[in-house]
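The file final-v3.pdb contains PDB, C-alpha atoms:
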```
ATOM      1  CA  MET X  22     113.410  93.934  67.702
ATOM      2  CA  LYS X  23     117.135  93.512  67.135
ATOM      3  CA  PHE X  24     119.544  95.270  69.506
ATOM      4  CA  GLY X  25     123.229  96.038  69.104
ATOM      5  CA  VAL X  26     125.495  96.563  72.111
ATOM      6  CA  ILE X  27     128.609  98.497  71.154
ATOM      7  CA  VAL X  28     131.799  97.293  72.791
ATOM      8  CA  PHE X  29     134.627  99.781  73.262
ATOM      9  CA  PRO X  30     137.971  98.870  74.805
ATOM     10  CA  GLY X  31     137.167  99.417  78.478
ATOM     11  CA  SER X  32     133.402  98.887  78.269
ATOM     12  CA  ASN X  33     132.396  96.781  81.281
ATOM     13  CA  CYS X  34     128.608  96.798  81.263
ATOM     14  CA  ASP X  35     128.282  95.375  77.759
ATOM     15  CA  HIS X  36     127.368  91.937  79.119
ATOM     16  CA  ASP X  37     124.844  93.440  81.569
ATOM     17  CA  CYS X  38     123.055  95.122  78.656
ATOM     18  CA  TYR X  39     123.297  91.972  76.542
ATOM     19  CA  HIS X  40     121.858  89.876  79.384
ATOM     20  CA  VAL X  41     118.865  92.163  79.891
ATOM     21  CA  LEU X  42     118.031  92.356  76.191
ATOM     22  CA  GLN X  43     118.781  88.779  75.160
ATOM     23  CA  ASN X  44     117.760  86.839  78.289
ATOM     24  CA  VAL X  45     115.288  88.991  80.203
ATOM     25  CA  PHE X  46     113.505  90.509  77.210
ATOM     26  CA  GLN X  47     114.238  87.648  74.776
ATOM     27  CA  GLN X  48     115.273  90.010  71.981
ATOM     28  CA  PRO X  49     117.939  89.085  69.440
ATOM     29  CA  THR X  50     121.055  90.996  70.519
ATOM     30  CA  GLU X  51     124.495  91.346  68.947
ATOM     31  CA  PHE X  52     127.743  92.722  70.249
ATOM     32  CA  ILE X  53     129.292  95.255  67.872
ATOM     33  CA  TRP X  54     133.047  95.792  68.227
ATOM     34  CA  HIS X  55     134.144  99.424  68.121
ATOM     35  CA  LYS X  56     136.300  98.813  65.042
ATOM     36  CA  ASP X  57     133.377  97.487  63.015
ATOM     37  CA  ASP X  58     131.418  99.769  60.764
ATOM     38  CA  ASP X  59     128.614  97.278  60.179
ATOM     39  CA  LEU X  60     125.683  97.704  62.562
ATOM     40  CA  LYS X  61     124.341  94.229  61.646
ATOM     41  CA  ASN X  62     120.863  95.557  60.774
ATOM     42  CA  CYS X  63     120.079  96.376  64.390
ATOM     43  CA  ASP X  64     116.921  98.348  65.175
ATOM     44  CA  ALA X  65     118.364 100.001  68.275
ATOM     45  CA  LEU X  66     121.865 100.536  69.663
ATOM     46  CA  VAL X  67     123.104 100.613  73.236
ATOM     47  CA  LEU X  68     126.383 102.261  74.246
ATOM     48  CA  PRO X  69     127.102 100.587  77.581
ATOM     49  CA  GLY X  70     128.812 101.763  80.738
ATOM     50  CA  GLY X  71     132.476 101.336  81.517
ATOM     51  CA  PHE X  72     135.717 103.219  81.170
ATOM     52  CA  SER X  73     136.347 103.358  77.436
ATOM     53  CA  TYR X  74     139.997 104.144  76.726
ATOM     54  CA  GLY X  75     140.630 104.386  80.464
ATOM     55  CA  ASP X  76     138.717 107.692  80.593
ATOM     56  CA  TYR X  77     141.929 109.304  79.268
ATOM     57  CA  LEU X  78     141.779 113.000  78.353
ATOM     58  CA  ARG X  79     138.036 113.246  79.155
ATOM     59  CA  THR X  80     135.415 110.523  79.609
ATOM     60  CA  GLY X  81     134.217 109.411  76.185
ATOM     61  CA  ALA X  82     136.535 111.814  74.337
ATOM     62  CA  ILE X  83     138.528 109.133  72.547
ATOM     63  CA  ALA X  84     135.776 106.538  72.147
ATOM     64  CA  ARG X  85     133.781 109.004  70.084
ATOM     65  CA  PHE X  86     136.406 108.664  67.353
ATOM     66  CA  SER X  87     136.168 104.867  67.255
ATOM     67  CA  PRO X  88     135.409 103.698  63.704
ATOM     68  CA  VAL X  89     131.938 102.442  64.693
ATOM     69  CA  MET X  90     130.890 105.941  65.759
ATOM     70  CA  ASN X  91     130.603 107.139  62.151
ATOM     71  CA  ALA X  92     127.983 104.457  61.621
ATOM     72  CA  VAL X  93     126.293 105.355  64.937
ATOM     73  CA  VAL X  94     126.064 109.033  63.933
ATOM     74  CA  GLU X  95     124.549 108.060  60.556
ATOM     75  CA  PHE X  96     122.157 105.649  62.258
ATOM     76  CA  ALA X  97     121.016 108.374  64.674
ATOM     77  CA  ALA X  98     120.647 110.916  61.869
ATOM     78  CA  ALA X  99     118.367 108.460  60.062
ATOM     79  CA  GLY X 100     116.141 108.245  63.154
ATOM     80  CA  GLY X 101     117.521 105.039  64.687
ATOM     81  CA  LEU X 102     117.168 104.626  68.453
ATOM     82  CA  VAL X 103     120.407 105.071  70.398
ATOM     83  CA  VAL X 104     120.733 104.652  74.163
ATOM     84  CA  GLY X 105     123.830 105.656  76.113
ATOM     85  CA  ILE X 106     124.163 104.470  79.694
ATOM     86  CA  CYS X 107     126.781 106.026  81.993
ATOM     87  CA  ASN X 108     129.993 105.980  79.908
ATOM     88  CA  GLY X 109     127.717 105.607  76.892
ATOM     89  CA  PHE X 110     126.012 108.900  77.859
ATOM     90  CA  GLN X 111     129.437 110.544  78.153
ATOM     91  CA  ILE X 112     130.394 109.268  74.690
ATOM     92  CA  LEU X 113     127.138 110.536  73.127
ATOM     93  CA  CYS X 114     127.777 114.015  74.586
ATOM     94  CA  GLU X 115     131.360 114.047  73.343
ATOM     95  CA  ALA X 116     130.139 112.942  69.923
ATOM     96  CA  GLY X 117     127.677 115.838  69.823
ATOM     97  CA  LEU X 118     124.674 113.511  69.559
ATOM     98  CA  LEU X 119     123.452 114.925  72.872
ATOM     99  CA  PRO X 120     123.982 118.480  74.177
ATOM    100  CA  GLY X 121     126.083 119.327  77.225
ATOM    101  CA  ALA X 122     128.891 117.518  78.985
ATOM    102  CA  LEU X 123     129.507 115.269  81.978
ATOM    103  CA  MET X 124     132.052 116.487  84.472
ATOM    104  CA  ARG X 125     133.730 115.317  87.658
ATOM    105  CA  ASN X 126     131.236 114.787  90.510
ATOM    106  CA  ALA X 127     130.989 117.833  92.768
ATOM    107  CA  SER X 128     131.956 115.600  95.702
ATOM    108  CA  ARG X 129     135.090 114.418  93.827
ATOM    109  CA  ARG X 130     134.087 110.900  94.915
ATOM    110  CA  PHE X 131     133.100 107.882  92.884
ATOM    111  CA  VAL X 132     129.456 107.246  93.777
ATOM    112  CA  CYS X 133     128.102 103.707  93.611
ATOM    113  CA  LYS X 134     124.666 103.274  95.174
ATOM    114  CA  PHE X 135     120.946 103.059  94.557
ATOM    115  CA  ILE X 136     119.351 106.461  94.025
ATOM    116  CA  HIS X 137     115.927 107.651  92.883
ATOM    117  CA  VAL X 138     115.027 109.465  89.722
ATOM    118  CA  ARG X 139     111.726 111.061  88.771
ATOM    119  CA  VAL X 140     110.460 110.503  85.243
ATOM    120  CA  GLU X 141     110.002 114.013  83.861
ATOM    121  CA  ASN X 142     108.555 113.034  80.494
ATOM    122  CA  ASN X 143     106.797 109.699  80.113
ATOM    123  CA  THR X 144     105.824 110.147  76.481
ATOM    124  CA  SER X 145     109.247 109.465  74.955
ATOM    125  CA  GLU X 146     110.398 106.334  73.135
ATOM    126  CA  PHE X 147     112.492 105.594  76.218
ATOM    127  CA  THR X 148     110.014 106.247  79.047
ATOM    128  CA  ASN X 149     106.518 105.461  77.733
ATOM    129  CA  ALA X 150     106.201 102.420  80.023
ATOM    130  CA  CYS X 151     106.669 104.668  83.080
ATOM    131  CA  GLY X 152     103.904 106.458  84.929
ATOM    132  CA  GLU X 153     103.630 110.232  85.069
ATOM    133  CA  LYS X 154     106.304 111.561  87.452
ATOM    134  CA  GLU X 155     107.018 107.953  88.421
ATOM    135  CA  ILE X 156     109.887 107.491  90.862
ATOM    136  CA  LEU X 157     112.376 104.840  89.778
ATOM    137  CA  LYS X 158     114.878 103.161  92.083
ATOM    138  CA  ILE X 159     118.014 102.640  90.074
ATOM    139  CA  PRO X 160     121.775 102.450  90.766
ATOM    140  CA  VAL X 161     124.494 104.892  89.741
ATOM    141  CA  ALA X 162     128.222 104.113  89.565
ATOM    142  CA  HIS X 163     130.381 106.948  88.291
ATOM    143  CA  ALA X 164     132.951 109.612  89.094
ATOM    144  CA  GLU X 165     132.040 111.899  86.188
ATOM    145  CA  GLY X 166     128.290 112.327  86.247
ATOM    146  CA  LEU X 167     127.784 116.020  86.847
ATOM    147  CA  TYR X 168     125.623 117.112  83.939
ATOM    148  CA  TYR X 169     126.565 120.564  82.688
ATOM    149  CA  ALA X 170     125.130 122.654  79.876
ATOM    150  CA  ASP X 171     125.035 126.406  79.386
ATOM    151  CA  ALA X 172     121.935 128.375  80.346
ATOM    152  CA  ASN X 173     120.619 128.544  76.795
ATOM    153  CA  THR X 174     120.943 124.783  76.288
ATOM    154  CA  LEU X 175     119.205 124.102  79.623
ATOM    155  CA  ARG X 176     116.358 126.373  78.601
ATOM    156  CA  GLN X 177     115.970 124.485  75.324
ATOM    157  CA  LEU X 178     116.084 121.107  77.056
ATOM    158  CA  ASN X 179     113.301 122.194  79.411
ATOM    159  CA  GLN X 180     111.266 123.825  76.684
ATOM    160  CA  HIS X 181     111.247 120.738  74.474
ATOM    161  CA  GLN X 182     110.699 118.183  77.267
ATOM    162  CA  GLN X 183     114.094 116.653  76.561
ATOM    163  CA  ILE X 184     114.882 116.092  80.242
ATOM    164  CA  LEU X 185     113.712 112.550  80.940
ATOM    165  CA  PHE X 186     114.982 111.949  84.488
ATOM    166  CA  ARG X 187     115.954 114.073  87.474
ATOM    167  CA  TYR X 188     117.539 112.878  90.703
ATOM    168  CA  CYS X 189     115.036 112.986  93.562
ATOM    169  CA  ASN X 190     114.480 111.593  97.042
ATOM    170  CA  ASP X 191     112.137 108.664  97.689
ATOM    171  CA  ARG X 192     109.196 111.083  97.791
ATOM    172  CA  GLY X 193     110.022 112.501  94.377
ATOM    173  CA  GLU X 194     111.373 115.824  95.670
ATOM    174  CA  LEU X 195     114.273 117.341  93.735
ATOM    175  CA  THR X 196     116.583 118.204  96.613
ATOM    176  CA  PRO X 197     120.341 118.935  96.581
ATOM    177  CA  ALA X 198     120.837 115.978  98.955
ATOM    178  CA  ALA X 199     119.210 113.634  96.434
ATOM    179  CA  ASN X 200     121.617 114.772  93.712
ATOM    180  CA  PRO X 201     124.547 112.324  93.833
ATOM    181  CA  ASN X 202     126.952 114.288  91.633
ATOM    182  CA  GLY X 203     125.978 117.966  91.540
ATOM    183  CA  SER X 204     124.266 117.806  88.133
ATOM    184  CA  LEU X 205     122.635 121.075  87.091
ATOM    185  CA  GLU X 206     118.881 121.004  87.773
ATOM    186  CA  ASN X 207     119.309 117.442  89.145
ATOM    187  CA  ILE X 208     119.473 116.158  85.559
ATOM    188  CA  ALA X 209     120.066 112.397  85.342
ATOM    189  CA  GLY X 210     119.049 111.707  81.754
ATOM    190  CA  ILE X 211     118.157 113.580  78.578
ATOM    191  CA  MET X 212     117.235 112.965  74.964
ATOM    192  CA  ASN X 213     117.984 114.857  71.784
ATOM    193  CA  ARG X 214     115.463 117.205  70.212
ATOM    194  CA  ALA X 215     114.392 114.575  67.666
ATOM    195  CA  GLY X 216     113.665 112.148  70.494
ATOM    196  CA  ASN X 217     115.646 109.178  69.179
ATOM    197  CA  VAL X 218     118.912 109.498  71.144
ATOM    198  CA  MET X 219     118.904 109.174  74.928
ATOM    199  CA  GLY X 220     121.612 109.296  77.559
ATOM    200  CA  MET X 221     121.376 108.596  81.290
ATOM    201  CA  MET X 222     123.930 108.202  84.071
ATOM    202  CA  PRO X 223     121.935 105.668  86.179
ATOM    203  CA  HIS X 224     122.088 102.021  85.123
ATOM    204  CA  PRO X 225     118.761 100.476  84.037
ATOM    205  CA  ASP X 226     120.815  97.477  82.902
ATOM    206  CA  ARG X 227     121.682  96.769  86.542
ATOM    207  CA  CYS X 228     118.107  96.690  87.848
ATOM    208  CA  ALA X 229     115.885  94.950  85.321
ATOM    209  CA  GLU X 230     115.027  91.884  87.449
ATOM    210  CA  GLU X 231     113.469  91.629  90.926
ATOM    211  CA  ILE X 232     116.418  89.634  92.240
ATOM    212  CA  LEU X 233     118.582  92.749  91.795
ATOM    213  CA  ASN X 234     116.705  94.815  94.442
ATOM    214  CA  SER X 235     114.790  96.761  91.827
ATOM    215  CA  ALA X 236     113.302  95.921  88.459
ATOM    216  CA  ASP X 237     112.566  99.548  87.604
ATOM    217  CA  GLY X 238     115.248  99.610  84.920
ATOM    218  CA  ALA X 239     113.191  97.132  82.892
ATOM    219  CA  LYS X 240     110.732  99.956  82.185
ATOM    220  CA  ILE X 241     113.292 101.726  80.014
ATOM    221  CA  PHE X 242     113.797  98.665  77.815
ATOM    222  CA  ALA X 243     110.057  97.916  77.825
ATOM    223  CA  SER X 244     109.425 101.465  76.586
ATOM    224  CA  ILE X 245     111.731 100.914  73.619
ATOM    225  CA  LEU X 246     109.927  97.677  72.781
ATOM    226  CA  ASN X 247     106.568  99.476  72.997
ATOM    227  CA  TRP X 248     107.875 101.894  70.415
ATOM    228  CA  ALA X 249     108.840  99.038  68.107
ATOM    229  CA  THR X 250     105.455  97.345  68.444
ATOM    230  CA  PRO X 251     102.929 100.100  69.153
ATOM    231  CA  MET X 252     100.016  97.648  69.103
ATOM    232  CA  ALA X 253     101.283  96.123  72.315
ATOM    233  CA  ALA X 254     101.542  99.444  74.108
TER
ATOM    234  CA  MET Y  16     161.808 120.828  66.454
ATOM    235  CA  ILE Y  17     158.693 122.819  67.295
ATOM    236  CA  GLU Y  18     156.793 122.043  70.430
ATOM    237  CA  ALA Y  19     153.309 123.241  71.355
ATOM    238  CA  ARG Y  20     152.385 123.723  74.984
ATOM    239  CA  ILE Y  21     148.602 123.704  75.276
ATOM    240  CA  TYR Y  22     146.823 124.837  78.428
ATOM    241  CA  VAL Y  23     143.292 123.453  78.768
ATOM    242  CA  THR Y  24     141.255 125.080  81.516
ATOM    243  CA  LEU Y  25     137.656 124.932  82.675
ATOM    244  CA  LYS Y  26     135.660 127.917  81.459
ATOM    245  CA  SER Y  27     135.317 130.611  84.079
ATOM    246  CA  GLY Y  28     132.254 130.137  86.243
ATOM    247  CA  ILE Y  29     132.254 126.364  85.910
ATOM    248  CA  LEU Y  30     132.620 124.556  89.229
ATOM    249  CA  ASP Y  31     136.071 123.035  89.669
ATOM    250  CA  PRO Y  32     135.793 120.602  92.596
ATOM    251  CA  GLN Y  33     139.440 119.594  92.172
ATOM    252  CA  GLY Y  34     140.562 123.212  92.526
ATOM    253  CA  LYS Y  35     138.333 123.631  95.599
ATOM    254  CA  THR Y  36     139.880 120.562  97.220
ATOM    255  CA  VAL Y  37     143.417 121.783  96.499
ATOM    256  CA  GLN Y  38     142.536 125.202  97.890
ATOM    257  CA  GLN Y  39     141.206 123.567 101.058
ATOM    258  CA  ALA Y  40     144.423 121.554 101.407
ATOM    259  CA  LEU Y  41     146.519 124.701 100.944
ATOM    260  CA  GLU Y  42     144.453 126.498 103.569
ATOM    261  CA  ASN Y  43     145.035 123.607 105.949
ATOM    262  CA  LEU Y  44     148.764 124.038 105.338
ATOM    263  CA  GLY Y  45     148.556 127.673 106.352
ATOM    264  CA  PHE Y  46     148.261 129.342 102.939
ATOM    265  CA  ALA Y  47     145.525 131.660 104.141
ATOM    266  CA  GLN Y  48     146.255 134.270 101.467
ATOM    267  CA  ILE Y  49     145.164 132.116  98.505
ATOM    268  CA  ARG Y  50     141.672 133.084  97.415
ATOM    269  CA  GLY Y  51     141.121 130.606  94.629
ATOM    270  CA  VAL Y  52     142.607 127.581  92.888
ATOM    271  CA  ARG Y  53     141.667 126.303  89.441
ATOM    272  CA  VAL Y  54     143.265 123.137  88.097
ATOM    273  CA  GLY Y  55     143.774 122.640  84.365
ATOM    274  CA  LYS Y  56     145.786 120.456  82.029
ATOM    275  CA  LEU Y  57     149.048 120.996  80.210
ATOM    276  CA  ILE Y  58     149.403 119.057  76.962
ATOM    277  CA  GLU Y  59     152.683 119.117  75.042
ATOM    278  CA  LEU Y  60     152.854 118.234  71.357
ATOM    279  CA  GLN Y  61     156.144 117.548  69.587
ATOM    280  CA  PHE Y  62     156.034 118.153  65.845
ATOM    281  CA  ALA Y  63     158.101 116.441  63.173
ATOM    282  CA  GLU Y  64     161.261 118.308  62.131
ATOM    283  CA  GLU Y  65     159.907 119.475  58.774
ATOM    284  CA  VAL Y  66     156.801 121.144  60.242
ATOM    285  CA  SER Y  67     156.903 124.935  59.919
ATOM    286  CA  ARG Y  68     155.737 127.309  62.627
ATOM    287  CA  GLU Y  69     152.625 128.262  60.663
ATOM    288  CA  GLU Y  70     151.749 124.627  60.068
ATOM    289  CA  ALA Y  71     152.338 123.786  63.736
ATOM    290  CA  GLU Y  72     149.961 126.544  64.753
ATOM    291  CA  ARG Y  73     147.298 125.361  62.344
ATOM    292  CA  LEU Y  74     147.673 121.721  63.449
ATOM    293  CA  THR Y  75     147.541 122.678  67.139
ATOM    294  CA  ILE Y  76     144.293 124.599  66.718
ATOM    295  CA  ASP Y  77     142.826 121.732  64.713
ATOM    296  CA  ALA Y  78     143.837 119.178  67.378
ATOM    297  CA  CYS Y  79     142.360 121.333  70.156
ATOM    298  CA  LYS Y  80     139.072 121.767  68.337
ATOM    299  CA  LYS Y  81     138.738 118.110  67.353
ATOM    300  CA  LEU Y  82     139.924 116.379  70.494
ATOM    301  CA  LEU Y  83     142.045 118.098  73.114
ATOM    302  CA  ALA Y  84     139.464 120.540  74.521
ATOM    303  CA  ASN Y  85     135.694 120.237  74.882
ATOM    304  CA  PRO Y  86     134.255 123.644  73.943
ATOM    305  CA  VAL Y  87     131.171 123.038  76.114
ATOM    306  CA  ILE Y  88     133.211 123.230  79.309
ATOM    307  CA  GLU Y  89     136.795 124.121  78.443
ATOM    308  CA  ASP Y  90     138.939 126.917  76.993
ATOM    309  CA  TYR Y  91     142.403 126.437  75.567
ATOM    310  CA  ARG Y  92     145.420 128.561  74.780
ATOM    311  CA  PHE Y  93     148.842 127.548  73.588
ATOM    312  CA  GLU Y  94     152.364 128.674  72.881
ATOM    313  CA  LEU Y  95     154.831 127.365  70.323
ATOM    314  CA  ALA Y  96     158.516 127.024  71.117
ATOM    315  CA  LEU Y  97     161.576 125.812  69.304
ATOM    316  CA  ASN Y  98     163.009 122.901  71.241
ATOM    317  CA  ALA Y  99     166.578 122.120  70.195
ATOM    318  CA  ASN Y 100     167.409 119.679  72.983
ATOM    319  CA  GLN Y 101     164.550 117.272  73.012
ATOM    320  CA  GLN Y 102     164.099 114.608  70.370
ATOM    321  CA  GLY Y 103     160.563 113.628  69.450
ATOM    322  CA  ALA Y 104     159.540 110.088  70.308
ATOM    323  CA  GLY Y 105     160.947 107.602  67.827
ATOM    324  CA  SER Y 106     162.859 110.174  65.779
TER
END
```

Step by step, read the file and then write its structure as structure tokens.
Amino acid sequence: MKFGVIVFPGSNCDHDCYHVLQNVFQQPTEFIWHKDDDLKNCDALVLPGGFSYGDYLRTGAIARFSPVMNAVVEFAAAGGLVVGICNGFQILCEAGLLPGALMRNASRRFVCKFIHVRVENNTSEFTNACGEKEILKIPVAHAEGLYYADANTLRQLNQHQQILFRYCNDRGELTPAANPNGSLENIAGIMNRAGNVMGMMPHPDRCAEEILNSADGAKIFASILNWATPMAA
Amino acid sequence: MIEARIYVTLKSGILDPQGKTVQQALENLGFAQIRGVRVGKLIELQFAEEVSREEAERLTIDACKKLLANPVIEDYRFELALNANQQGAGS
């Protein structure tokens, strides 16, 4: 399966994503510069973490108008798999590929630490390698991770099992203390209604090998590969 | 030259941690009478000389909808003013 990692000015997790896909999972992976409009025949796209355009105006607000985003929107509309991690999640929301918005953390602080998330739907293209309600240990690093959507959107997300991850404690309980940024309903990651576009604030790219304190992030990438080769699932 | 002053604010009811922190700081300074603080953004646009008032209004709304405000979380309002003193950048 061929992956494309989109590089915006200010992306800083592009090499982390590339490393996991190319070296850990041994999948052909290409960087795609934000000014390109050629997606190089990739089967799945990753919008990595970072601070595209210095987070000016709002996180992701300017990156969404990068030339490559027209191709990303077309790719998503045609059913292609798109993953946004951290800043990538913010960009996908700004682009309207995912509902809602990411706002300043309730604490006003940049949070950078390992947290836990509970897998809320393990039947998606992005979570099928996870167990039911599995608790993943995974790091966050952001100042704007408070997920917000209006009541109607939240209802729809719940109704259609679009919420993939919620922040929890190490026993899987969804407590306010386990919520690192004040996200509504402890939401850490969601997908679109069609199930082919996913965004999450935690960084699976930073915990896909045992040497990194947790290899739980590998399950996200393994899920995508299961989707590509269902016989191996 | 016409200038637009655009005020972008969080929708009412949406948590504004920055405003809360400022309010706390004001309270610490003795401003006990202030019941709430909300922090927003002021964006100023300078239009080219030939742009009419109607066109400036249309362009401002378009810019707000496309980029300057996120309708999921923010509201915007703006005023247009004739600015005789200030020269636009590069003009």

Inset, instruction - Please evaluate the PyMOL selection byres ((chain X) within 7 of (chain Y)) against the displayed coordinates and give the resulting residues as a ChimeraX atom specification. - result: /X:82,121-122,127,129

May I have the residues from that selection written out with C-alpha atoms, as a compact mmCIF listing (two decimals), keeping the file's coordinate frame?
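In the end it all went to part-v2.txt:
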```
# COMPACT_ATOMS: atom_id res chain seq x y z
CA ALA X 82 136.54 111.81 74.34
CA GLY X 121 126.08 119.33 77.22
CA ALA X 122 128.89 117.52 78.98
CA ALA X 127 130.99 117.83 92.77
CA ARG X 129 135.09 114.42 93.83
```

Inset, instruction - Step by step, work through what the PyMOL selection byres ((chain Y and resi 98) around 6) selects in the shown file, and finish by giving those residues as a PyMOL selection string. - result: chain Y and resi 16-17+97+99-100

Legend entry - Residues within 10 Å of Thr75 of chain Y, all atoms listed in the file, excluding chain neighbours under 6 positions, as JSON, numbers by chain: {"Y": [18, 19, 20, 21, 60, 62, 69, 81, 83, 92, 93, 94, 95]}

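From atom CA of Asn207 of chain X back to atom CA of Tyr168 of chain X, the distance works out to 8.2 Å.
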
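Against this structure, the PyMOL selection byres ((chain X and resi 137) around 8) ends up with Phe135, Ile136, Val138, Arg139, Ile156, Leu157, Lys158, Ile159, Tyr188, Cys189, Asn190, Asp191, Gly193 and Ala199 of chain X.
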
Inset, instruction - With a distance cut-off of 12 Å and only C-alpha atoms, select the neighbouring residues of Ala229 of chain X, excluding the residue or stretch itself and same-chain residues fewer than 2 positions from it, and output the selection as a PyMOL selection string. - result: chain X and resi 37-42+44-46+157-160+224-227+231-243

Inset, instruction - Kindly indicate which residue among X:Gln183, X:Gln43, X:Asn62, X:Ser32 lies nearest to Tyr74 of chain X, using all atoms listed in the file for the distances. - result: X:Ser32

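The interatomic distance for the pair atom CA of Tyr77 of chain X and atom CA of Asn91 of chain X works out to 20.6 Å.
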
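Excluding Leu205 of chain X itself and any same-chain residue fewer than 6 positions from it, the protein and nucleic acid residues within 8 Å of it, counting only C-alpha atoms, are X:Leu167, X:Tyr168, X:Tyr169, X:Ala170.
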
Inset, instruction - Mind giving me the straight-line distance from atom CA of Asp77 of chain Y to atom CA of Thr24 of chain Y in Å, one decimal? - result: 17.2 Å

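Within 7 Å of Val26 of chain X, once all atoms listed in the file are used and residues closer than 4 positions along the same chain are dropped, the contacting residues are X:Asp35, X:Tyr39, X:Glu51, X:Phe52, X:Ile53, X:Leu66, X:Val67, X:Leu68, X:Pro69.
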
Inset, instruction - Name the residues in contact with Cys63 of chain X at a cut-off of 10 Å, using only C-alpha atoms, excluding same-chain residues fewer than 6 positions from it; report them as a PyMOL selection string. - result: chain X and resi 22-26+49-51+53+96+101-102

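Of the residues under consideration (X:Val104, X:Ala116, X:Val132, X:Ala249), X:Val104 shows the shortest atom-to-atom contact distance to Gly216 of chain X when counting all atoms listed in the file.
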
Go ahead and fit an axis-aligned box to every listed atom of segment 208-211 of chain X plus 3 Å each side, and pass me the centre and edge lengths in Å, one decimal, as JSON.
```
{"center_x": 119.1, "center_y": 113.9, "center_z": 82.1, "size_x": 7.9, "size_y": 10.5, "size_z": 13.0}
```

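Comparing Y:Ala63, Y:Leu41, Y:Ala47, Y:Val52 by their smallest distance to Leu25 of chain Y, the closest is Y:Val52 (using only C-alpha atoms).
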